[in-house]
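All remarks here apply to the structure that follows.
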Amino acid sequence: MLHIGNERVPACSGLDRRSFMHVGAAGMAGLTLPNLLSLEQAGAVEYDKSKIKNCITLFLVGSPGHIDTFDMKPEAPDDIRGKFKPIQTNLEGVHLCEHFPLLARKMDKVAMIRSMHHNTGTAHSNGSRWQMTGRDAIGANQQPHVGSVVSRVFGPKGNLPSSIVLPGKIGNTGGPSINGQEARYLGSAYEPFFLNGDPARSDFKVADLVPAQGQNEFRISARRELLKQIDSVQRRAETSTTIQRDSAYSRAFNLLTSTEAKTAFDLDKEPDKLRDRYGRNTLGQSALLARRLIERGSRYVTVNHFDTVFNICCWDMHANGTSLNNTYLDYERLLCPQLDQAFTALIEDLEERGLFEDTVVTILSEFGRTPKLNARGGRDHYPPAWTNFICGGNIKGGQVIGSTDRIGAAPHDRPIKPDQLIASIYQGMGIDLETTMMPGPGSRPIRLIEAEPIHELF
Amino acid sequence: MDQKFEGTPQAEIKLDGRKLIRGDVSNDWGLRLQWQIKRDGKVIATPLARTDMEYVHDDKTPGKYEVVLQMWKYINYKKNKQGEFTESKFIDISNTVSYTI
């Protein structure tokens, strides 16, 4: 609890608009954002007690064709319906592509949203910004990553970063490389931790957990003490930036010296059979690592299925004969099997550990793909319609929300925009969007997201 | 980063009449897993093997049937203009069983 005068004001979690305005008014009388951050860092705000659920997002870079995967149109003409066959799932009347046989048996656990759409551009980065931040904003108005928002509002639960991105940051996807992956105006202390390593490799190490050559724990601790002394001098000219830096240094030291953190990243602690169940590939092992991180204190883990779309086997199925030459072969041999296995293993594993109700799991992507096959048998970017998934946490599974028209060209009913899905993630995590605020640009209190959650999910 | 697949997946298969039974796949890459069914030396079917541990091939055409479990092996992104992989390929990951009709 944060005390201002004689009034006890909750920390950002559970803080209603009126109270936040009260803090804001107090700030004008002397309690500035740096002061607030200091109080938080001094323990006046009890982040560890901010009880919300967690979230693991599997983000499909390049984006699957909805008609080839989750929204098949077997009655459509040849040049639309594509090559794959639908199979019945365990939800009556609901079909998926034949290359998702494991997911077909888990549809009672998940909510499938078939009417996703946006209208702000066909670049990967448009969709990525929507799905990572809940808005498609560029320039000075760039928004923070959802994980950064969660990190800022609810803080860490231990020595692990609150928001982690596996296996690495999305890089070149063609257009502007503004993919909504940073903390932006929330500050460097709330940047997601980017792993930058492939947990499927036998030589996998987390660079930030390995001391530089010549360093040992004694020297690291000595440096932390030295930094504290310097910091006390710095505080005379304190700004929010120095405080954020302080917090970022502190996190880095914690990560470097924490046995718990080292253990969290050690996949060798998992049984071989479970590692096989997730799939010994980058997506599968990242999903397993995500579970370990959530279990040990991270709040929001994003798993990017690929970091680029060029010269790599990924969902971006243009079949263009050159650097974007993914086709149905990539889908049936590599991509669908990986996702089918990793997603269903994650659900099963979370359930077995009693974590499914404490963890929202989503599959997000940037857009759908053109209903009509292009001249080379591929499909191109198509934001007017696609399918995503959400389950776990407070989410009601076993349902399909929305639909598209007979050729998958546009939502037929219940159109859903990405910000509604992001709002649903927050609510699925148990965050009350009516009472929880965050500091916006210039410390102005704002809602976490303006859109309303998808009511059918709750 | 491109994906690198290490080790080699392995599984045992056996035959019970015409019913094929597979064990768990160790070092499972999580890529397409299929039964490769040959009749008199020619591949006639490659059904998915991921979901179930057992499979019966319906075809009763007379001949010698040989079956092996295969998984896709991704080596690199090299493809021809049509998008067909030129180096990545299916590999056998089990023993072979056979029966005659």
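In the structure tokens, each chain is lettered A, B, ... as it comes, each chain's residues begin at 1, and ligands are numbered from 1 in order of appearance.
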| query | If you run DSSP on the backbone, which residues of segment 212-444 of chain A are strand (DSSP E), as a PyMOL selection string? | reply | chain A and resi 300-305+359-365+368-369+381-382+386-392+399-401+403-404+411-413+437-439
Quick one: contact table of chain B to chain A, 9 Å max, nearest atom pair and distance in Å to one decimal per residue, counting only C-alpha atoms, chain and number order, as JSON lines?
{"residue": "B:Met1", "atom": "CA", "partner": "A:Asp307", "partner_atom": "CA", "distance": 6.4}
{"residue": "B:Asp2", "atom": "CA", "partner": "A:Ile312", "partner_atom": "CA", "distance": 6.2}
{"residue": "B:Gln3", "atom": "CA", "partner": "A:Thr282", "partner_atom": "CA", "distance": 6.5}
{"residue": "B:Lys4", "atom": "CA", "partner": "A:Arg201", "partner_atom": "CA", "distance": 7.2}
{"residue": "B:Phe5", "atom": "CA", "partner": "A:Asn281", "partner_atom": "CA", "distance": 6.5}
{"residue": "B:Glu6", "atom": "CA", "partner": "A:Arg201", "partner_atom": "CA", "distance": 7.1}
{"residue": "B:Asp24", "atom": "CA", "partner": "A:Lys273", "partner_atom": "CA", "distance": 8.6}
{"residue": "B:Val25", "atom": "CA", "partner": "A:Asp276", "partner_atom": "CA", "distance": 7.5}
{"residue": "B:Ser26", "atom": "CA", "partner": "A:Asp276", "partner_atom": "CA", "distance": 6.5}
{"residue": "B:Asn27", "atom": "CA", "partner": "A:Asp276", "partner_atom": "CA", "distance": 5.8}
{"residue": "B:Asp28", "atom": "CA", "partner": "A:Asp276", "partner_atom": "CA", "distance": 4.9}
{"residue": "B:Trp29", "atom": "CA", "partner": "A:Arg280", "partner_atom": "CA", "distance": 4.4}
{"residue": "B:Gly30", "atom": "CA", "partner": "A:Gly279", "partner_atom": "CA", "distance": 4.1}
{"residue": "B:Leu31", "atom": "CA", "partner": "A:Leu334", "partner_atom": "CA", "distance": 5.1}
{"residue": "B:Arg32", "atom": "CA", "partner": "A:Arg333", "partner_atom": "CA", "distance": 4.8}
{"residue": "B:Leu33", "atom": "CA", "partner": "A:Arg333", "partner_atom": "CA", "distance": 8.4}
{"residue": "B:Leu48", "atom": "CA", "partner": "A:His99", "partner_atom": "CA", "distance": 8.5}
{"residue": "B:Arg50", "atom": "CA", "partner": "A:Pro101", "partner_atom": "CA", "distance": 7.7}
{"residue": "B:Thr51", "atom": "CA", "partner": "A:Leu102", "partner_atom": "CA", "distance": 6.3}
{"residue": "B:Met71", "atom": "CA", "partner": "A:Arg333", "partner_atom": "CA", "distance": 8.7}
{"residue": "B:Trp72", "atom": "CA", "partner": "A:Arg333", "partner_atom": "CA", "distance": 6.3}
{"residue": "B:Lys73", "atom": "CA", "partner": "A:Arg333", "partner_atom": "CA", "distance": 8.9}
{"residue": "B:Tyr74", "atom": "CA", "partner": "A:Leu334", "partner_atom": "CA", "distance": 7.9}
{"residue": "B:Asn76", "atom": "CA", "partner": "A:Ile312", "partner_atom": "CA", "distance": 8.4}
{"residue": "B:Tyr77", "atom": "CA", "partner": "A:Ile312", "partner_atom": "CA", "distance": 5.9}
{"residue": "B:Lys78", "atom": "CA", "partner": "A:Asn311", "partner_atom": "CA", "distance": 8.6}
{"residue": "B:Lys79", "atom": "CA", "partner": "A:Asn325", "partner_atom": "CA", "distance": 7.9}
{"residue": "B:Asn80", "atom": "CA", "partner": "A:Gly321", "partner_atom": "CA", "distance": 7.4}
{"residue": "B:Lys81", "atom": "CA", "partner": "A:Gly321", "partner_atom": "CA", "distance": 4.5}
{"residue": "B:Gln82", "atom": "CA", "partner": "A:Gly321", "partner_atom": "CA", "distance": 6.2}
{"residue": "B:Gly83", "atom": "CA", "partner": "A:Asn325", "partner_atom": "CA", "distance": 5.7}
{"residue": "B:Glu84", "atom": "CA", "partner": "A:Leu329", "partner_atom": "CA", "distance": 7.2}
{"residue": "B:Phe85", "atom": "CA", "partner": "A:Leu329", "partner_atom": "CA", "distance": 8.4}
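Of the listed residues A:Pro371, A:Asp432, A:Pro418, A:Gln285, the one whose atoms come nearest to Lys73 of chain A is A:Pro371, with distances taken using only C-alpha atoms.
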| query | What does the distance from atom CA of Lys157 of chain A to atom CA of Ala287 of chain A come to in Å, to one decimal? | reply | 20.2 Å
| query | Any idea what's packed within 10 Å of Glu12 of chain B, counting only C-alpha atoms, ignoring anything in its chain fewer than 5 positions away? Could you give it as a PyMOL selection string? | reply | chain B and resi 21-26+68-69+93-97
| field | atom CA of Gly393 of chain A to atom CA of Val360 of chain A, distance in Å rounded to a single decimal | value |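 Atom CA of Val360 of chain A lies at a distance of 4.5 Å from atom CA of Gly393 of chain A.
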| message | Residues of segment 226-431 of chain A classed as alpha helix (DSSP H) by DSSP on the backbone are to be reported as a ChimeraX atom specification. | response | /A:226-234,240-257,259-264,272-278,282-295,328-330,336-352,418-428
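By chain and then residue number, the residues within 10 Å of Tyr99 of chain B are Leu15, Gly17, Arg18, Arg39, Gly63, Lys64, Tyr65, Glu66 and Val67 of chain B, counting only C-alpha atoms and disregarding those fewer than 5 positions away in sequence.
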| query | In terms of the shortest atom-to-atom distance over only C-alpha atoms, which of A:Ser148, A:Thr120, A:Ser258, A:Thr370 is closest to Arg81 of chain A? | reply |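 Distance minimum relative to Arg81 of chain A lands on A:Thr370.
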| field | Residues near Met107 of chain A, cut-off 7 Å, only C-alpha atoms, skip fewer than 5 positions along chain, as JSON, numbers by chain | value | {"A": [89, 90, 91, 398]}
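Atom pair atom CA of Ala45 of chain B / atom CA of Thr100 of chain B has a distance of 16.1 Å (rounded to one decimal).
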